[in-house]
file data-v2.cif (mmCIF, C-alpha atoms)
data_my_file
loop_
_atom_site.label_atom_id
_atom_site.label_comp_id
_atom_site.auth_asym_id
_atom_site.auth_seq_id
_atom_site.Cartn_x
_atom_site.Cartn_y
_atom_site.Cartn_z
CA MET A 1 -1.74 2.66 -31.27
CA ASN A 2 -1.30 -1.11 -31.52
CA HIS A 3 2.07 -0.71 -33.21
CA LEU A 4 3.36 0.87 -29.98
CA LEU A 5 2.98 -2.49 -28.27
CA GLU A 6 5.85 -3.82 -30.39
CA TYR A 7 8.31 -1.63 -28.48
CA GLU A 8 9.48 -1.69 -24.88
CA PHE A 9 9.30 1.76 -23.36
CA ASP A 10 11.49 2.63 -20.41
CA ALA A 11 12.23 5.73 -18.39
CA LEU A 12 15.77 7.05 -18.58
CA PRO A 13 16.57 7.92 -14.96
CA TYR A 14 20.28 7.23 -15.33
CA ILE A 15 20.85 9.74 -18.12
CA ASP A 16 17.93 12.18 -17.80
CA LYS A 17 19.19 14.96 -15.59
CA GLU A 18 16.39 17.46 -16.11
CA TYR A 19 14.86 16.71 -12.71
CA GLU A 20 18.03 17.86 -10.99
CA HIS A 21 17.32 21.40 -12.15
CA PRO A 22 15.65 23.40 -9.33
CA ALA A 23 13.11 25.00 -11.68
CA VAL A 24 11.97 21.58 -12.90
CA GLN A 25 11.69 20.31 -9.34
CA ASP A 26 9.60 23.34 -8.35
CA ALA A 27 7.28 22.79 -11.31
CA ILE A 28 6.81 19.11 -10.46
CA HIS A 29 6.18 19.81 -6.80
CA ALA A 30 3.63 22.46 -7.77
CA LEU A 31 1.78 19.93 -9.94
CA ILE A 32 1.77 17.41 -7.10
CA ALA A 33 0.50 20.03 -4.65
CA ASP A 34 -2.33 21.01 -7.04
CA GLU A 35 -3.34 17.37 -7.43
CA MET A 36 -3.37 16.82 -3.68
CA ARG A 37 -5.51 19.91 -3.14
CA SER A 38 -8.03 18.67 -5.68
CA PHE A 39 -8.45 15.38 -3.77
CA ALA A 40 -10.11 15.93 -0.42
CA PRO A 41 -11.72 12.61 0.57
CA SER A 42 -14.69 12.64 2.95
CA LYS A 43 -15.89 9.90 5.25
CA ASN A 44 -18.13 8.64 2.44
CA TYR A 45 -15.56 8.73 -0.34
CA ILE A 46 -16.24 5.05 -1.11
CA SER A 47 -20.02 5.33 -0.95
CA HIS A 48 -20.26 4.74 -4.69
CA LEU A 49 -18.71 1.29 -4.30
CA PRO A 50 -20.95 -1.76 -3.72
CA TYR A 51 -20.98 -3.49 -0.36
CA PRO A 52 -18.80 -6.60 -0.16
CA ARG A 53 -20.55 -9.92 -0.52
CA LEU A 54 -20.23 -11.70 2.84
CA LYS A 55 -20.83 -15.43 2.92
CA PHE A 56 -21.83 -15.20 6.58
CA ALA A 57 -24.07 -12.14 6.14
CA ASN A 58 -27.19 -14.19 6.97
CA SER A 59 -25.80 -15.38 10.27
CA ALA A 60 -28.20 -14.69 13.13
CA VAL A 61 -25.30 -13.95 15.46
CA LEU A 62 -23.80 -11.42 13.05
CA GLN A 63 -27.14 -9.75 12.37
CA GLY A 64 -27.83 -9.49 16.09
CA GLU A 65 -24.42 -7.95 16.72
CA MET A 66 -24.81 -5.49 13.86
CA ALA A 67 -28.24 -4.51 15.21
CA ARG A 68 -26.70 -3.97 18.66
CA VAL A 69 -24.01 -1.70 17.22
CA ALA A 70 -26.56 0.19 15.11
CA ASN A 71 -28.74 0.77 18.20
CA GLY A 72 -25.78 1.92 20.25
CA THR A 73 -26.33 -0.79 22.86
CA SER A 74 -23.29 -1.56 24.98
CA LEU A 75 -21.79 -5.04 24.86
CA ASP A 76 -22.76 -7.24 27.79
CA ALA A 77 -19.82 -7.97 30.07
CA VAL A 78 -18.59 -11.53 30.45
CA ASP A 79 -20.55 -13.35 33.12
CA ASN A 80 -18.03 -14.43 35.75
CA SER A 81 -20.60 -15.59 38.24
CA ARG A 82 -20.02 -19.24 37.44
CA TYR A 83 -16.42 -18.89 38.55
CA CYS A 84 -17.47 -17.69 42.00
CA VAL A 85 -17.90 -20.23 44.82
CA GLU A 86 -20.49 -18.81 47.14
CA LYS A 87 -22.85 -20.44 49.58
CA PRO A 88 -26.58 -19.93 49.21
CA GLU A 89 -27.83 -17.00 51.21
CA GLY A 90 -31.18 -15.64 52.28
CA PRO A 91 -34.16 -17.73 51.28
CA LEU A 92 -31.87 -20.19 49.46
CA GLU A 93 -29.90 -20.98 52.62
CA LYS A 94 -32.24 -23.88 53.42
CA ASP A 95 -32.75 -24.92 49.77
CA VAL A 96 -31.18 -28.35 49.18
CA GLN A 97 -31.03 -27.89 45.43
CA ALA A 98 -29.24 -24.55 45.85
CA TRP A 99 -26.65 -26.22 48.08
CA LYS A 100 -26.22 -29.06 45.58
CA LYS A 101 -25.67 -26.50 42.80
CA SER A 102 -23.16 -24.60 44.93
CA VAL A 103 -21.27 -27.80 45.80
CA SER A 104 -21.27 -28.86 42.14
CA ASN A 105 -19.87 -25.46 41.17
CA ALA A 106 -17.20 -25.75 43.88
CA LYS A 107 -16.18 -29.16 42.55
CA ALA A 108 -15.98 -27.73 39.01
CA GLN A 109 -13.79 -24.88 40.23
CA MET A 110 -11.53 -27.32 42.11
CA GLU A 111 -11.19 -29.40 38.94
CA HIS A 112 -10.44 -26.25 36.97
CA GLN A 113 -7.73 -25.26 39.45
CA ALA A 114 -6.32 -28.80 39.32
CA ASN A 115 -6.13 -28.53 35.54
CA ARG A 116 -4.34 -25.18 35.84
CA LEU A 117 -1.81 -26.70 38.25
CA LEU A 118 -1.30 -29.61 35.88
CA ASN A 119 -0.74 -27.25 32.94
CA LEU A 120 1.76 -25.24 34.99
CA GLU A 121 3.65 -28.42 35.93
CA ILE A 122 3.73 -29.54 32.29
CA ALA A 123 4.90 -26.09 31.19
CA ASP A 124 7.58 -26.13 33.89
CA SER A 125 8.82 -29.54 32.73
CA HIS A 126 8.53 -29.21 28.97
CA GLY A 127 7.84 -25.53 28.25
CA SER A 128 11.47 -24.55 27.73
CA ALA A 129 12.02 -27.37 25.23
CA VAL A 130 8.86 -26.41 23.34
CA TRP A 131 9.94 -22.77 23.21
CA LEU A 132 13.40 -23.75 21.98
CA GLN A 133 11.82 -25.84 19.25
CA SER A 134 9.45 -23.01 18.36
CA ASN A 135 12.35 -20.53 18.27
CA SER A 136 14.32 -22.90 16.05
CA ALA A 137 11.37 -23.17 13.65
CA GLY A 138 11.01 -19.37 13.66
CA GLU A 139 14.70 -18.95 12.92
CA GLY A 140 14.33 -21.37 10.02
CA VAL A 141 11.46 -19.31 8.60
CA LEU A 142 13.54 -16.16 9.11
CA ARG A 143 16.46 -17.68 7.20
CA GLN A 144 14.14 -18.61 4.33
CA VAL A 145 12.66 -15.10 4.22
CA ASN A 146 16.11 -13.51 4.36
CA SER A 147 17.32 -15.78 1.58
CA LEU A 148 14.31 -14.93 -0.57
CA THR A 149 14.74 -11.22 0.17
CA THR A 150 18.42 -11.38 -0.78
CA SER A 151 17.55 -13.19 -4.00
CA VAL A 152 14.90 -10.61 -4.92
CA LYS A 153 17.25 -7.72 -4.12
CA ARG A 154 19.97 -9.32 -6.23
CA LYS A 155 17.59 -9.67 -9.16
CA CYS A 156 16.50 -6.03 -8.73
CA ASP A 157 20.13 -4.93 -8.69
CA GLU A 158 20.80 -6.96 -11.84
CA VAL A 159 17.83 -5.37 -13.61
CA ASN A 160 18.89 -1.87 -12.51
CA LEU A 161 22.48 -2.50 -13.56
CA GLU A 162 21.30 -3.73 -16.95
CA ARG A 163 19.11 -0.65 -17.37
CA LYS A 164 21.95 1.65 -16.31
CA THR A 165 24.44 0.00 -18.67
CA GLU A 166 21.99 0.12 -21.58
CA GLN A 167 21.03 3.75 -20.95
CA GLU A 168 24.60 4.92 -20.51
CA GLY A 169 25.50 3.05 -23.70
CA ILE A 170 23.02 5.04 -25.76
CA ALA A 171 23.46 8.33 -23.88
CA ALA A 172 25.97 9.71 -26.41
CA ALA A 173 23.77 8.75 -29.37
CA LEU A 174 20.72 10.32 -27.73
CA GLU A 175 22.71 13.46 -27.03
CA ARG A 176 23.79 13.67 -30.68
CA MET A 177 20.25 13.14 -31.91
CA THR A 178 18.92 15.70 -29.44
CA THR A 179 21.50 18.23 -30.60
CA LYS A 180 20.71 17.46 -34.23
CA THR A 181 16.98 17.82 -33.57
CA ASN A 182 17.48 21.14 -31.83
CA ASP A 183 19.74 22.38 -34.65
CA THR A 184 17.19 21.30 -37.24
CA LEU A 185 14.40 23.05 -35.35
CA MET A 186 16.53 26.18 -35.06
CA LYS A 187 17.29 26.13 -38.79
CA ALA A 188 13.62 25.60 -39.56
CA TRP A 189 12.73 28.54 -37.34
CA GLN A 190 15.39 30.69 -39.00
CA ILE A 191 14.13 29.72 -42.48
CA LYS A 192 10.56 30.48 -41.46
CA LYS A 193 11.64 33.82 -40.03
CA ALA A 194 13.54 34.63 -43.23
CA CYS A 195 10.50 33.67 -45.29
CA ASP A 196 8.28 35.85 -43.11
CA ASP A 197 10.72 38.75 -43.47
CA LEU A 198 10.81 38.32 -47.28
CA GLU A 199 7.04 38.13 -47.41
CA ALA A 200 6.75 41.29 -45.32
CA GLN A 201 9.34 43.00 -47.54
CA ASN A 202 7.43 41.96 -50.67
CA LYS A 203 4.25 43.40 -49.21
CA ARG A 204 5.96 46.70 -48.51
CA LEU A 205 7.36 46.81 -52.04
CA ARG A 206 3.93 46.08 -53.54
CA VAL A 207 2.36 48.79 -51.40
CA SER A 208 5.14 51.20 -52.37
CA GLN A 209 4.80 50.43 -56.12
CA SER A 210 1.03 50.71 -56.05
CA SER A 211 1.22 54.10 -54.34
CA GLU A 212 3.56 55.40 -57.05
#
call {"tool": "encode", "arguments": {"input": "data-v2.cif", "output": "structure tokens"}}
result
Amino acid sequence: MNHLLEYEFDALPYIDKEYEHPAVQDAIHALIADEMRSFAPSKNYISHLPYPRLKFANSAVLQGEMARVANGTSLDAVDNSRYCVEKPEGPLEKDVQAWKKSVSNAKAQMEHQANRLLNLEIADSHGSAVWLQSNSAGEGVLRQVNSLTTSVKRKCDEVNLERKTEQEGIAAALERMTTKTNDTLMKAWQIKKACDDLEAQNKRLRVSQSSE
């Protein structure tokens, strides 16, 4: 089979018209339908494949999360209590340390709100310019992708045109060779049939002579 590697094999879609025949299309679709019916994947259709090697598989955080999922434990909600500014109540109402903690939390929340206001002011002053710059960069990437896509499509069209030209150039020769092959096969069949008829006739003559 190594000698086959010396040749470039190619389909002949531009000159092969057999697929346009309805009977051929029905036969092909039937084969595809049979193949699809024979493949019915289950949930474990990749169970024979090895597990992927994860570099972070030994992470304690990952193992804990996988154990939580395996046990069906729900994910703890995000603790928002630190964002709440509440005064101490009940027994903690007279606890100095509780008040200090509440005041410290209030100061942290005020600082957080001040940072949010600052970010909003910065976004109001410079956000539009940043978005324009980001849009310009995105448009530049889009132009590069479109240019690359156009280049690839042009190369594909050139390859397809070359294939079409080459196939149409040899279509007549292939048709002649196909006709010659079919004629040769027909002649061979006719010769074989004639030989079979002669052999059968000879047998009948031998039987007839032996009976006389």
call {"tool": "atom_distance", "arguments": {"input": "data-v2.cif", "atom1": "atom CA of A:Lys17", "atom2": "atom CA of A:Trp189"}}
result
26.4 Å
call {"tool": "resolve_selection", "arguments": {"input": "data-v2.cif", "expression": "the PyMOL selection byres ((chain A and resi 85) around 6)", "output": "PyMOL selection string"}}
result
chain A and resi 84+86+106
call {"tool": "axis_aligned_box", "arguments": {"input": "data-v2.cif", "around": "stretch 42-47 of chain A", "padding_each_side": "4 Å", "output": "JSON"}}
result
{"center_x": -17.4, "center_y": 8.8, "center_z": 2.1, "size_x": 13.3, "size_y": 15.6, "size_z": 14.4}
call {"tool": "atom_distance", "arguments": {"input": "data-v2.cif", "atom1": "atom CA of A:Asn160", "atom2": "atom CA of A:Asp26"}}
result
27.2 Å
call {"tool": "atom_distance", "arguments": {"input": "data-v2.cif", "atom1": "atom CA of A:Gly127", "atom2": "atom CA of A:Asn115"}}
result
16.0 Å
call {"tool": "residues_around", "arguments": {"input": "data-v2.cif", "residues": "A:Ala108", "least_positions_apart": "5", "cutoff": "12 Å", "atoms": "all atoms listed in the file", "output": "PyMOL selection string"}}
result
chain A and resi 82-85+101-103+113-115
call {"tool": "residues_around", "arguments": {"input": "data-v2.cif", "residues": "stretch 167-169 of chain A", "least_positions_apart": "6", "cutoff": "10 Å", "atoms": "all atoms listed in the file", "output": "NGL selection string"}}
result
:A and (10-16 or 161)
